[in-house]
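Source file work_24.cif; content: mmCIF, C-alpha atoms.
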```
data_final
#
loop_
_atom_site.label_atom_id
_atom_site.label_comp_id
_atom_site.auth_asym_id
_atom_site.auth_seq_id
_atom_site.Cartn_x
_atom_site.Cartn_y
_atom_site.Cartn_z
CA MET K 131 -36.36 -16.45 13.67
CA VAL K 132 -34.41 -18.00 10.86
CA ASN K 133 -34.84 -21.66 10.32
CA SER K 134 -31.30 -22.77 9.54
CA SER K 135 -32.35 -26.00 7.87
CA ASP K 136 -34.13 -23.97 5.19
CA THR K 137 -31.25 -21.67 4.51
CA ASN K 138 -28.24 -23.99 4.37
CA SER K 139 -26.22 -24.17 1.19
CA SER K 140 -27.49 -26.84 -1.18
CA ASP K 141 -24.94 -29.46 -0.11
CA THR K 142 -22.43 -29.25 2.72
CA SER K 143 -20.34 -32.11 1.31
CA PHE K 144 -18.90 -29.78 -1.32
CA LEU K 145 -15.25 -28.75 -0.95
CA GLN K 146 -14.28 -25.13 -0.62
CA LEU K 147 -10.98 -23.89 -2.07
CA GLU K 148 -9.00 -20.71 -2.03
CA VAL K 149 -6.39 -19.71 -4.61
CA SER K 150 -4.05 -16.92 -3.44
CA PRO K 151 -1.42 -15.87 -5.99
CA SER K 152 1.71 -14.22 -4.61
CA ARG K 153 0.91 -11.12 -6.68
CA LEU K 154 -2.32 -9.30 -7.47
CA LEU K 155 -3.48 -10.42 -10.91
CA LYS K 156 -3.79 -8.26 -14.00
CA PRO K 157 -7.29 -8.30 -15.53
CA GLU K 158 -6.00 -10.35 -18.51
CA THR K 159 -4.51 -13.02 -16.24
CA ALA K 160 -7.64 -13.10 -14.09
CA GLN K 161 -9.82 -13.45 -17.19
CA ALA K 162 -7.70 -16.32 -18.55
CA LEU K 163 -7.78 -18.12 -15.20
CA LEU K 164 -11.52 -17.67 -14.65
CA ASN K 165 -12.32 -18.81 -18.18
CA GLU K 166 -10.37 -22.03 -17.67
CA ILE K 167 -11.97 -22.66 -14.27
CA VAL K 168 -15.60 -22.12 -15.34
CA GLU K 169 -15.10 -24.64 -18.15
CA LEU K 170 -14.49 -27.41 -15.60
CA GLU K 171 -17.40 -29.65 -14.66
CA GLY K 172 -18.26 -29.60 -10.98
CA ILE K 173 -17.66 -25.96 -10.08
CA ILE K 174 -20.58 -25.05 -7.82
CA ARG K 175 -19.88 -21.37 -7.27
CA LEU K 176 -16.94 -19.01 -7.11
CA PHE K 177 -16.08 -15.40 -6.54
CA VAL K 178 -13.05 -13.21 -6.83
CA HIS K 179 -11.92 -10.82 -4.18
CA GLY K 180 -9.24 -8.21 -3.73
CA PRO K 181 -8.79 -4.51 -3.01
CA GLY K 182 -11.65 -2.44 -4.41
CA LEU K 183 -11.26 -0.01 -7.30
CA PRO K 184 -13.48 3.05 -6.99
CA GLN K 185 -14.93 4.87 -10.01
CA THR K 186 -14.27 8.24 -8.39
CA VAL K 187 -11.87 9.50 -5.73
CA PRO K 188 -13.70 8.72 -2.48
CA TYR K 189 -12.21 11.40 -0.24
CA GLY K 190 -9.59 14.13 -0.01
CA PRO K 191 -9.28 17.36 -2.01
CA ALA K 192 -9.87 15.48 -5.28
CA LYS K 193 -13.12 13.86 -4.06
CA GLY K 194 -15.37 13.07 -7.02
CA GLU K 195 -12.65 13.12 -9.71
CA PRO K 196 -12.89 10.08 -12.03
CA VAL K 197 -10.13 7.52 -11.40
CA HIS K 198 -9.96 5.46 -14.66
CA HIS K 199 -7.89 2.69 -13.09
CA PRO K 200 -6.57 0.37 -15.84
CA ALA K 201 -7.53 -2.69 -13.74
CA ASN K 202 -11.13 -1.48 -13.46
CA THR K 203 -12.15 -2.95 -16.78
CA LEU K 204 -14.60 -5.30 -18.43
CA ILE K 205 -13.66 -8.96 -18.63
CA GLU K 206 -15.43 -11.74 -20.46
CA VAL K 207 -15.92 -14.96 -18.53
CA GLY K 208 -17.93 -17.88 -19.87
CA GLY K 209 -19.32 -15.70 -22.65
CA GLN K 210 -20.59 -13.04 -20.25
CA THR K 211 -19.09 -9.58 -19.91
CA MET K 212 -18.69 -8.25 -16.40
CA GLU K 213 -17.08 -5.28 -14.76
CA LEU K 214 -14.08 -6.08 -12.62
CA ALA K 215 -14.48 -3.79 -9.61
CA VAL K 216 -11.51 -5.25 -7.70
CA TYR K 217 -7.82 -5.88 -8.36
CA VAL K 218 -7.98 -9.67 -8.24
CA GLY K 219 -6.08 -10.96 -5.22
CA GLY K 220 -7.70 -14.35 -4.81
CA ILE K 221 -10.41 -16.71 -5.90
CA ARG K 222 -12.65 -18.67 -3.54
CA LEU K 223 -14.68 -21.47 -4.95
CA GLU K 224 -16.87 -24.41 -4.03
CA VAL K 225 -16.35 -27.62 -6.00
CA ALA K 226 -18.13 -30.94 -6.08
CA ASP K 227 -15.31 -33.29 -5.06
CA ALA K 228 -11.57 -33.89 -4.77
CA ASP K 229 -11.19 -34.67 -8.49
CA VAL K 230 -12.39 -31.20 -9.41
CA LYS K 231 -10.06 -29.76 -6.80
CA GLU K 232 -7.07 -31.36 -8.54
CA GLN K 233 -8.30 -30.08 -11.91
CA VAL K 234 -8.50 -26.54 -10.48
CA ARG K 235 -4.97 -26.91 -9.15
CA GLU K 236 -3.73 -27.99 -12.59
CA VAL K 237 -5.42 -25.00 -14.24
CA CYS K 238 -3.80 -22.64 -11.73
CA GLU K 239 -0.37 -24.18 -12.33
CA ARG K 240 -0.83 -23.80 -16.07
CA VAL K 241 -2.27 -20.26 -16.21
CA LEU K 242 -0.82 -18.34 -13.27
CA PRO K 243 2.56 -16.70 -14.06
CA VAL K 244 3.39 -16.37 -10.35
CA PRO K 245 3.63 -18.81 -7.42
CA PHE K 246 0.35 -19.31 -5.57
CA GLU K 247 -1.11 -20.82 -2.43
CA PHE K 248 -3.84 -23.38 -2.85
CA ARG K 249 -5.91 -24.20 0.23
CA GLU K 250 -8.90 -26.28 1.10
CA GLY K 251 -10.97 -25.00 4.00
CA HIS K 252 -14.12 -23.12 4.89
CA PHE K 253 -14.17 -19.83 3.03
CA ILE K 254 -17.78 -19.20 1.99
CA PRO K 255 -20.60 -19.15 4.55
CA THR K 256 -22.99 -22.05 4.18
CA ARG K 257 -25.59 -20.79 6.63
CA GLN K 258 -27.21 -17.43 6.41
CA THR K 259 -26.65 -14.87 9.13
CA VAL K 260 -29.20 -12.51 10.65
CA THR K 261 -27.87 -9.79 8.32
CA ASP K 262 -28.40 -12.02 5.27
CA TYR K 263 -31.92 -12.73 6.48
CA ALA K 264 -32.58 -9.02 6.94
CA LYS K 265 -31.27 -8.30 3.44
CA ARG K 266 -32.79 -11.14 1.48
CA GLY K 267 -35.73 -12.35 3.55
CA PRO K 268 -36.90 -15.89 4.25
CA GLY K 269 -37.05 -17.16 0.67
CA ALA K 270 -33.42 -16.44 -0.30
CA ASP K 271 -31.56 -18.78 -2.63
CA PRO K 272 -29.05 -20.67 -0.40
CA VAL K 273 -26.45 -20.72 -3.19
CA MET K 274 -26.23 -16.92 -2.99
CA ILE K 275 -25.17 -16.88 0.67
CA GLY K 276 -21.76 -15.31 1.10
CA MET K 277 -21.44 -14.37 -2.56
CA THR K 278 -21.55 -10.60 -2.11
CA ASP K 279 -19.77 -8.05 0.03
CA PRO K 280 -21.48 -8.29 3.43
CA LYS K 281 -20.94 -4.59 4.07
CA GLY K 282 -22.16 -3.44 0.66
CA LYS K 283 -25.63 -2.82 -0.67
CA LEU K 284 -27.05 -5.64 -2.75
CA LYS K 285 -27.81 -3.31 -5.64
CA ASP K 286 -24.15 -2.21 -5.82
CA HIS K 287 -22.74 -5.73 -5.87
CA PRO K 288 -24.58 -7.75 -8.46
CA VAL K 289 -23.91 -11.47 -8.56
CA CYS K 290 -23.14 -12.70 -12.03
CA ILE K 291 -24.81 -16.02 -12.80
CA LEU K 292 -22.89 -17.65 -15.59
CA LYS K 293 -24.90 -20.80 -16.19
CA SER K 294 -28.17 -20.37 -14.39
CA GLU K 295 -29.97 -23.01 -16.45
CA SER K 296 -28.13 -25.93 -14.82
CA LYS K 297 -27.88 -26.17 -11.07
CA GLY K 298 -24.34 -26.54 -9.81
CA ASN K 299 -22.76 -24.27 -12.42
CA ASP K 300 -23.33 -20.77 -11.13
CA MET F 282 39.22 12.56 19.21
CA ALA F 283 36.08 13.91 17.54
CA TYR F 284 32.90 12.16 18.56
CA GLU F 285 31.20 10.39 15.70
CA LEU F 286 27.45 10.22 15.87
CA GLN F 287 26.04 6.75 16.22
CA TYR F 288 22.55 6.08 14.94
CA TYR F 289 21.64 2.41 14.97
CA PRO F 290 23.27 -0.85 16.12
CA GLY F 291 23.83 -3.93 14.00
CA ALA F 292 26.07 -5.43 11.34
CA THR F 293 23.53 -6.50 8.69
CA SER F 294 22.72 -4.62 5.46
CA VAL F 295 19.39 -3.53 6.95
CA ALA F 296 21.10 -2.00 9.99
CA GLU F 297 23.61 -0.27 7.69
CA ASN F 298 20.76 1.13 5.55
CA ARG F 299 18.97 2.35 8.67
CA ARG F 300 22.13 4.22 9.69
CA LYS F 301 22.33 5.73 6.20
CA HIS F 302 18.74 6.98 6.28
CA MET F 303 19.12 8.45 9.75
CA SER F 304 22.40 10.20 8.97
CA GLY F 305 21.25 11.40 5.55
CA LYS F 306 24.31 9.85 3.88
CA VAL F 307 22.29 8.19 1.14
CA GLU F 308 23.09 7.71 -2.51
CA LYS F 309 21.40 9.99 -5.04
CA LEU F 310 19.81 7.86 -7.75
CA ARG F 311 17.69 10.18 -9.86
CA ASP F 312 16.87 13.80 -10.64
CA ILE F 313 13.48 15.40 -10.38
CA SER F 314 13.08 19.01 -11.49
CA ASP F 315 11.51 21.65 -9.25
CA GLU F 316 8.65 22.02 -11.71
CA ASP F 317 7.91 18.28 -11.67
CA LEU F 318 8.08 18.20 -7.90
CA THR F 319 5.63 21.11 -7.62
CA LEU F 320 3.29 19.34 -10.03
CA VAL F 321 3.16 16.07 -8.13
CA LEU F 322 2.86 17.77 -4.75
CA GLY F 323 -0.12 19.74 -6.07
CA HIS F 324 0.00 22.62 -3.59
CA ARG F 325 0.58 25.45 -6.10
CA ALA F 326 0.97 26.00 -9.85
CA PRO F 327 4.51 25.33 -11.12
CA GLY F 328 6.51 28.52 -11.50
CA SER F 329 4.18 30.56 -9.29
CA ASP F 330 5.40 32.36 -6.17
CA TYR F 331 5.08 30.72 -2.79
CA PRO F 332 1.86 32.05 -1.23
CA SER F 333 2.57 33.43 2.22
CA THR F 334 0.67 33.39 5.44
CA HIS F 335 2.48 36.33 7.01
CA PRO F 336 4.93 39.04 5.81
CA PRO F 337 8.64 38.14 5.71
CA LEU F 338 10.17 38.13 9.19
CA ALA F 339 12.56 40.95 8.24
CA GLU F 340 9.57 43.25 7.58
CA MET F 341 7.61 42.18 10.63
CA GLY F 342 9.97 43.53 13.23
CA GLU F 343 10.39 40.72 15.70
CA PRO F 344 10.41 41.32 19.46
CA GLU F 345 13.70 41.21 21.27
CA CYS F 346 14.30 37.60 22.21
CA SER F 347 17.57 35.78 22.90
CA MET F 348 16.16 32.53 21.46
CA ARG F 349 15.20 34.23 18.20
CA GLU F 350 18.70 35.66 17.98
CA LEU F 351 20.21 32.28 18.64
CA VAL F 352 18.16 30.25 16.14
CA GLU F 353 18.34 31.14 12.48
CA PRO F 354 14.86 30.83 10.89
CA THR F 355 14.48 28.36 8.02
CA PRO F 356 14.10 29.90 4.52
CA GLY F 357 10.37 29.11 4.56
CA ALA F 358 9.83 30.72 7.94
CA LYS F 359 11.88 33.77 6.89
CA ALA F 360 9.67 34.27 3.85
CA GLY F 361 6.41 33.56 5.68
CA ASP F 362 5.39 30.49 3.64
CA ARG F 363 2.27 28.47 4.32
CA ILE F 364 2.55 25.13 6.11
CA ARG F 365 2.15 22.34 3.55
CA TYR F 366 2.65 18.58 3.64
CA VAL F 367 4.16 15.71 1.71
CA GLN F 368 3.07 12.16 2.46
CA PHE F 369 4.70 8.89 1.44
CA ALA F 370 3.51 5.30 1.55
CA ASP F 371 6.11 2.51 1.44
CA SER F 372 5.41 -1.07 0.51
CA MET F 373 6.13 -3.83 3.02
CA TYR F 374 7.71 -5.79 0.16
CA ASN F 375 11.26 -4.49 0.65
CA ALA F 376 10.61 -0.79 0.05
CA PRO F 377 13.81 1.14 0.79
CA ALA F 378 12.31 3.27 3.56
CA THR F 379 9.71 2.77 6.25
CA PRO F 380 7.64 5.48 7.95
CA TYR F 381 9.92 5.51 11.00
CA PHE F 382 13.09 5.98 8.98
CA ARG F 383 11.58 8.71 6.82
CA SER F 384 10.71 10.49 10.05
CA TYR F 385 14.15 9.97 11.56
CA ASN F 386 15.67 11.30 8.34
CA ALA F 387 13.44 14.40 8.31
CA ALA F 388 13.85 15.15 12.01
CA ILE F 389 17.62 14.59 12.15
CA CYS F 390 18.70 16.08 8.82
CA PHE F 391 16.27 18.99 8.32
CA ARG F 392 15.11 21.93 10.42
CA GLY F 393 11.61 23.25 10.93
CA VAL F 394 9.84 20.00 10.02
CA ASP F 395 7.04 18.17 11.76
CA PRO F 396 7.16 14.50 10.75
CA GLY F 397 4.16 12.33 11.48
CA THR F 398 4.71 8.57 11.63
CA LEU F 399 1.85 6.17 11.02
CA SER F 400 1.77 2.45 10.36
CA GLY F 401 1.53 2.64 6.59
CA ARG F 402 2.29 6.22 5.72
CA GLN F 403 4.50 9.06 6.77
CA VAL F 404 3.73 12.74 6.52
CA VAL F 405 6.03 15.75 6.86
CA GLU F 406 4.52 19.14 7.53
CA ALA F 407 6.69 22.21 7.15
CA ARG F 408 6.85 25.63 5.55
CA GLU F 409 6.29 25.04 1.84
CA ARG F 410 9.84 25.51 0.56
CA ASP F 411 11.30 23.59 3.52
CA MET F 412 8.86 20.75 2.87
CA GLU F 413 9.86 20.72 -0.81
CA GLU F 414 13.49 20.38 0.22
CA VAL F 415 12.70 17.28 2.30
CA ALA F 416 10.47 15.81 -0.42
CA LYS F 417 13.08 16.35 -3.13
CA PHE F 418 15.81 14.79 -1.00
CA GLN F 419 13.74 11.71 -0.19
CA ILE F 420 12.48 11.21 -3.76
CA GLU F 421 15.85 11.66 -5.45
CA THR F 422 17.88 9.39 -3.20
CA GLU F 423 17.90 5.68 -2.46
CA MET F 424 15.25 6.32 0.22
CA THR F 425 12.61 5.93 -2.49
CA CYS F 426 11.97 3.34 -5.18
CA PRO F 427 9.31 4.77 -7.50
CA ALA F 428 7.58 1.38 -7.72
CA LEU F 429 7.70 0.39 -4.05
CA ALA F 430 6.99 3.81 -2.59
CA GLY F 431 4.55 6.48 -3.57
CA LEU F 432 3.58 10.08 -2.93
CA ARG F 433 0.10 9.71 -1.50
CA GLY F 434 -1.66 12.66 0.07
CA ALA F 435 -4.98 10.82 0.37
CA THR F 436 -6.05 7.17 -0.01
CA VAL F 437 -2.77 5.54 0.94
CA HIS F 438 -4.10 1.95 0.89
CA GLY F 439 -1.51 -0.40 -0.63
CA HIS F 440 1.56 -0.62 1.61
CA SER F 441 0.55 -3.94 3.13
CA LEU F 442 -0.95 -5.51 0.01
CA ARG F 443 0.74 -8.02 -2.26
CA LEU F 444 2.39 -6.28 -5.21
CA PRO F 445 0.56 -6.43 -8.56
CA GLU F 446 2.12 -8.48 -11.35
CA ASP F 447 4.11 -5.53 -12.70
CA GLY F 448 5.69 -4.90 -9.28
CA VAL F 449 4.25 -1.38 -8.81
CA MET F 450 2.61 -1.02 -5.38
CA PHE F 451 -1.19 -1.11 -5.57
CA ASP F 452 -2.75 2.34 -5.75
CA MET F 453 -6.50 2.53 -6.08
CA LEU F 454 -6.27 6.08 -7.45
CA ASP F 455 -3.77 5.03 -10.14
CA ARG F 456 -1.41 7.94 -9.52
CA CYS F 457 1.63 6.21 -10.93
CA ARG F 458 2.05 3.57 -13.59
CA LYS F 459 4.81 1.63 -15.23
CA GLU F 460 5.29 2.81 -18.81
CA GLY F 461 8.07 0.97 -20.63
CA ASP F 462 10.78 0.49 -18.07
CA VAL F 463 10.12 3.69 -16.09
CA ILE F 464 7.52 4.76 -13.57
CA ILE F 465 5.49 7.84 -14.45
CA MET F 466 3.18 9.86 -12.26
CA HIS F 467 0.21 11.38 -14.07
CA LYS F 468 -1.75 12.60 -11.07
CA ASP F 469 -0.71 14.69 -8.09
CA GLN F 470 -0.44 13.18 -4.61
CA VAL F 471 -4.18 13.46 -3.90
CA GLY F 472 -5.33 12.09 -7.29
CA ARG F 473 -5.98 15.19 -9.40
CA PRO F 474 -4.80 14.78 -13.00
CA ILE F 475 -1.75 16.91 -13.84
CA ASP F 476 -0.78 18.52 -17.14
CA LYS F 477 2.16 16.27 -17.98
CA LYS F 478 3.54 12.90 -17.09
CA VAL F 479 6.31 13.16 -14.53
CA ASN F 480 9.06 10.60 -15.00
CA LEU F 481 10.14 9.17 -11.63
CA GLY F 482 12.78 6.93 -13.15
CA LYS F 483 13.43 3.22 -13.22
CA PRO F 484 12.14 0.98 -10.44
CA MET F 485 14.65 -1.02 -8.42
CA SER F 486 15.06 -4.66 -9.30
CA GLU F 487 13.99 -7.18 -6.64
CA GLU F 488 17.62 -7.85 -5.77
CA GLU F 489 18.47 -4.16 -5.49
CA ALA F 490 15.39 -3.46 -3.34
CA ALA F 491 16.36 -6.35 -1.04
CA LYS F 492 19.84 -4.85 -0.76
CA ARG F 493 18.69 -1.28 -0.04
CA THR F 494 15.73 -1.94 2.25
CA THR F 495 15.46 -0.90 5.89
CA ILE F 496 12.87 -3.61 6.56
CA TYR F 497 13.79 -6.79 8.43
CA ARG F 498 11.99 -9.71 6.79
CA VAL F 499 12.41 -13.44 7.31
CA ASP F 500 12.67 -13.88 3.53
CA ASN F 501 15.50 -11.34 3.30
CA VAL F 502 17.48 -10.28 6.37
CA SER F 503 15.79 -11.47 9.53
CA PHE F 504 15.65 -9.36 12.67
CA ARG F 505 17.02 -12.37 14.57
CA ASP F 506 20.13 -12.40 12.34
CA ASP F 507 21.45 -9.31 14.07
CA PRO F 508 22.57 -10.10 17.64
CA GLU F 509 23.62 -6.52 18.36
CA VAL F 510 20.17 -5.19 17.46
CA ILE F 511 18.50 -7.85 19.60
CA GLU F 512 20.80 -6.96 22.50
CA TRP F 513 19.90 -3.27 22.27
CA VAL F 514 16.19 -3.86 21.82
CA HIS F 515 16.28 -6.07 24.94
CA ARG F 516 18.20 -3.43 26.82
CA VAL F 517 15.73 -0.68 25.88
CA PHE F 518 12.74 -2.83 26.88
CA ASP F 519 14.40 -3.96 30.07
CA GLN F 520 15.32 -0.47 31.21
CA ARG F 521 12.00 0.99 30.17
CA THR F 522 10.17 -1.63 32.19
CA LYS F 523 12.36 -1.13 35.27
CA TYR F 524 12.06 2.64 35.00
CA GLY F 525 8.29 2.40 34.76
CA PHE F 526 8.04 0.06 37.75
CA LYS F 527 6.85 2.13 40.69
CA PRO F 528 5.89 0.10 43.75
CA GLU F 529 3.56 2.23 45.84
#
```

Would you kindly transcribe this structure into structure tokens?
Amino acid sequence: MVNSSDTNSSDTSFLQLEVSPSRLLKPETAQALLNEIVELEGIIRLFVHGPGLPQTVPYGPAKGEPVHHPANTLIEVGGQTMELAVYVGGIRLEVADADVKEQVREVCERVLPVPFEFREGHFIPTRQTVTDYAKRGPGADPVMIGMTDPKGKLKDHPVCILKSESKGND
Amino acid sequence: MAYELQYYPGATSVAENRRKHMSGKVEKLRDISDEDLTLVLGHRAPGSDYPSTHPPLAEMGEPECSMRELVEPTPGAKAGDRIRYVQFADSMYNAPATPYFRSYNAAICFRGVDPGTLSGRQVVEARERDMEEVAKFQIETEMTCPALAGLRGATVHGHSLRLPEDGVMFDMLDRCRKEGDVIIMHKDQVGRPIDKKVNLGKPMSEEEAAKRTTIYRVDNVSFRDDPEVIEWVHRVFDQRTKYGFKPE
């Protein structure tokens, strides 16, 4: 049995935000936006999501052929290089308070070349599910909950920790 | 007075475009050569003969049959071609065609075709040269915008997604790209690389796509803007319901 009090996210008073641009973002735009956002103080955690980009053709007569999608590229965020495995369609993030929320909104208005929707709500799980427990066990880091594809294998979806030395800046 | 075929009710641009697609009276916007078409379809090498699945009908000696005498076989059937397919995906963001209207077009304007209509894609199966005729017609005319529609034999995901920044419908296999101001296809419809880049022409501007689309959208022409369409949809639903009502 999972003891929920042990596995809750570090602080439930944090705000959760979602940024949904009206177009899918090019890797350069996504990189510029992420770099501006991670520089802000008070970003707890964030992830990008969007349609996946496979390395090889997954099915059909061309199964196994390499794809070489131009959006499947390496981007550098906060000094770390990471592989962008999705065409960025949105960003979900957890921030410390309403001030940071307004700063994120300003960054989006400045960087995004297209109109966007900016919502506050509940987008990242704060309590681990039975599946999370089965995958990560009882001693899992609560900040990692909901940060990977729930249907994927953990080894295929690494979580990139940008500033692991200071809590609250993952 | 000669009877004029009627295809679709309504007075809006969308209704007019739907009538155009169904009747086949669409504007030709671009040219695609036979060799390029063969390349992107990927069923045979360009310039090669059509492989056949049976000898030509003239050599087979058909049985005596009034129906066979009445119906002229299509060129593909006459020659004994294989059955092959072409599949399109159309974006929900004002693509000119939708799966239903591609199917209406194929079924009304061409013979010997088997259109399959799905939510996000549309496939036409036919004898190879008959299928190529349909594919060429639909690609060359205003039924297709190279950016908002795509030839996709496998992995069709993209029709319901937001468009990427460059306006070319998302394709996870990267079969077509925007190069300069034209759209090129550098893989066949299932994602195998092809020998040369096939130029599919310029994409439609947002305004042109909104003008040529057969999709009712609240941010363009709303379904509710067309009273005649509403009236006929109500009539069809009403009569279908009454016809299906069978008190035991």

Under the PyMOL selection byres ((chain K) within 12 of (chain F)), which residues of this model are included? Write them out as an MDAnalysis selection string.
chainID K and resid 150:160 180:202 215:220 242:246

Preceding selection exported with C-alpha atoms as an mmCIF file, in the frame of the given file:
```
data_model
loop_
_atom_site.group_PDB
_atom_site.id
_atom_site.type_symbol
_atom_site.label_atom_id
_atom_site.label_comp_id
_atom_site.auth_asym_id
_atom_site.auth_seq_id
_atom_site.Cartn_x
_atom_site.Cartn_y
_atom_site.Cartn_z
ATOM 1 C CA SER K 150 -4.050 -16.920 -3.440
ATOM 2 C CA PRO K 151 -1.420 -15.870 -5.990
ATOM 3 C CA SER K 152 1.710 -14.220 -4.610
ATOM 4 C CA ARG K 153 0.910 -11.120 -6.680
ATOM 5 C CA LEU K 154 -2.320 -9.300 -7.470
ATOM 6 C CA LEU K 155 -3.480 -10.420 -10.910
ATOM 7 C CA LYS K 156 -3.790 -8.260 -14.000
ATOM 8 C CA PRO K 157 -7.290 -8.300 -15.530
ATOM 9 C CA GLU K 158 -6.000 -10.350 -18.510
ATOM 10 C CA THR K 159 -4.510 -13.020 -16.240
ATOM 11 C CA ALA K 160 -7.640 -13.100 -14.090
ATOM 12 C CA GLY K 180 -9.240 -8.210 -3.730
ATOM 13 C CA PRO K 181 -8.790 -4.510 -3.010
ATOM 14 C CA GLY K 182 -11.650 -2.440 -4.410
ATOM 15 C CA LEU K 183 -11.260 -0.010 -7.300
ATOM 16 C CA PRO K 184 -13.480 3.050 -6.990
ATOM 17 C CA GLN K 185 -14.930 4.870 -10.010
ATOM 18 C CA THR K 186 -14.270 8.240 -8.390
ATOM 19 C CA VAL K 187 -11.870 9.500 -5.730
ATOM 20 C CA PRO K 188 -13.700 8.720 -2.480
ATOM 21 C CA TYR K 189 -12.210 11.400 -0.240
ATOM 22 C CA GLY K 190 -9.590 14.130 -0.010
ATOM 23 C CA PRO K 191 -9.280 17.360 -2.010
ATOM 24 C CA ALA K 192 -9.870 15.480 -5.280
ATOM 25 C CA LYS K 193 -13.120 13.860 -4.060
ATOM 26 C CA GLY K 194 -15.370 13.070 -7.020
ATOM 27 C CA GLU K 195 -12.650 13.120 -9.710
ATOM 28 C CA PRO K 196 -12.890 10.080 -12.030
ATOM 29 C CA VAL K 197 -10.130 7.520 -11.400
ATOM 30 C CA HIS K 198 -9.960 5.460 -14.660
ATOM 31 C CA HIS K 199 -7.890 2.690 -13.090
ATOM 32 C CA PRO K 200 -6.570 0.370 -15.840
ATOM 33 C CA ALA K 201 -7.530 -2.690 -13.740
ATOM 34 C CA ASN K 202 -11.130 -1.480 -13.460
ATOM 35 C CA ALA K 215 -14.480 -3.790 -9.610
ATOM 36 C CA VAL K 216 -11.510 -5.250 -7.700
ATOM 37 C CA TYR K 217 -7.820 -5.880 -8.360
ATOM 38 C CA VAL K 218 -7.980 -9.670 -8.240
ATOM 39 C CA GLY K 219 -6.080 -10.960 -5.220
ATOM 40 C CA GLY K 220 -7.700 -14.350 -4.810
ATOM 41 C CA LEU K 242 -0.820 -18.340 -13.270
ATOM 42 C CA PRO K 243 2.560 -16.700 -14.060
ATOM 43 C CA VAL K 244 3.390 -16.370 -10.350
ATOM 44 C CA PRO K 245 3.630 -18.810 -7.420
ATOM 45 C CA PHE K 246 0.350 -19.310 -5.570
#
```

Run the PyMOL selection byres ((chain F and resi 432) around 7) mentally over the shown coordinates, then write out the matched residues as a list in words, using the chain letters and numbers from the document.
Gln368, Phe369, Ala370, Gly431, Arg433, Gly434 and Gln470 of chain F

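Separating atom CA of Thr425 of chain F from atom CA of Val394 of chain F is a distance of 19.0 Å.
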
Apply the PyMOL selection byres ((chain F and resi 333) around 10) to the displayed file and report the matching residues as a PyMOL selection string.
chain F and resi 330-332+334-337+357-358+360-364+408-409

A straight line from atom CA of Gln258 of chain K to atom CA of Glu232 of chain K spans 28.7 Å

Please, which residues are within 7 Å of (-14.2, -23.7, -3.5) by the file's coordinates, counting all atoms listed in the file, and could they come as a VMD selection string?
chain K and resid 145 to 148 176 222 to 225

Output C-alpha atoms for every residue in the selection just made, as a PDB file, keeping the file's coordinate frame.
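What landed in selection_21.pdb:
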```pdb
ATOM      1  CA  LEU K 145     -15.250 -28.750  -0.950  1.00  0.00           C
ATOM      2  CA  GLN K 146     -14.280 -25.130  -0.620  1.00  0.00           C
ATOM      3  CA  LEU K 147     -10.980 -23.890  -2.070  1.00  0.00           C
ATOM      4  CA  GLU K 148      -9.000 -20.710  -2.030  1.00  0.00           C
ATOM      5  CA  LEU K 176     -16.940 -19.010  -7.110  1.00  0.00           C
ATOM      6  CA  ARG K 222     -12.650 -18.670  -3.540  1.00  0.00           C
ATOM      7  CA  LEU K 223     -14.680 -21.470  -4.950  1.00  0.00           C
ATOM      8  CA  GLU K 224     -16.870 -24.410  -4.030  1.00  0.00           C
ATOM      9  CA  VAL K 225     -16.350 -27.620  -6.000  1.00  0.00           C
TER      10      VAL K 225
END
```

Closest of F:Gly328, F:Gly482, F:Gly393, F:Pro290 to Val352 of chain F, counting all atoms listed in the file, is F:Gly393

What does the distance from atom CA of Glu316 of chain F to atom CA of Tyr366 of chain F come to in Å, to one decimal?
16.8 Å

Emit as JSON the padded axis-aligned box for all listed atoms of segment 332-335 of chain F, 8 Å per side, with centre and edge lengths in Å to one decimal.
```
{"center_x": 1.6, "center_y": 34.2, "center_z": 2.9, "size_x": 17.9, "size_y": 20.3, "size_z": 24.2}
```

F:Met348, F:Val405, F:Val295, F:Met373: which is nearest Thr494 of chain F, counting all atoms listed in the file?
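So, comparing all the options, the nearest one is F:Val295.
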
Can you tell me, as a ChimeraX atom specification, what residues are no more than 12 Å from Val415 of chain F when counting all atoms listed in the file, ignoring any on the same chain fewer than 2 positions away?
/F:305,318,365-369,383-396,404-413,417-422,424

Counting all atoms listed in the file, what is within 10 Å of Ile173 of chain K, bar same-chain residues fewer than 3 positions away, as a short mmCIF file (atom, residue, chain, number, x, y, z; two decimals) with C-alpha atoms, keeping the file's coordinate frame?
```cif
data_model
loop_
_atom_site.label_atom_id
_atom_site.label_comp_id
_atom_site.auth_asym_id
_atom_site.auth_seq_id
_atom_site.Cartn_x
_atom_site.Cartn_y
_atom_site.Cartn_z
CA PHE K 144 -18.90 -29.78 -1.32
CA LEU K 145 -15.25 -28.75 -0.95
CA ILE K 167 -11.97 -22.66 -14.27
CA VAL K 168 -15.60 -22.12 -15.34
CA GLU K 169 -15.10 -24.64 -18.15
CA LEU K 170 -14.49 -27.41 -15.60
CA LEU K 176 -16.94 -19.01 -7.11
CA LEU K 223 -14.68 -21.47 -4.95
CA GLU K 224 -16.87 -24.41 -4.03
CA VAL K 225 -16.35 -27.62 -6.00
CA ALA K 226 -18.13 -30.94 -6.08
CA ASP K 227 -15.31 -33.29 -5.06
CA VAL K 230 -12.39 -31.20 -9.41
CA LYS K 231 -10.06 -29.76 -6.80
CA VAL K 234 -8.50 -26.54 -10.48
CA GLY K 298 -24.34 -26.54 -9.81
CA ASN K 299 -22.76 -24.27 -12.42
CA ASP K 300 -23.33 -20.77 -11.13
#
```
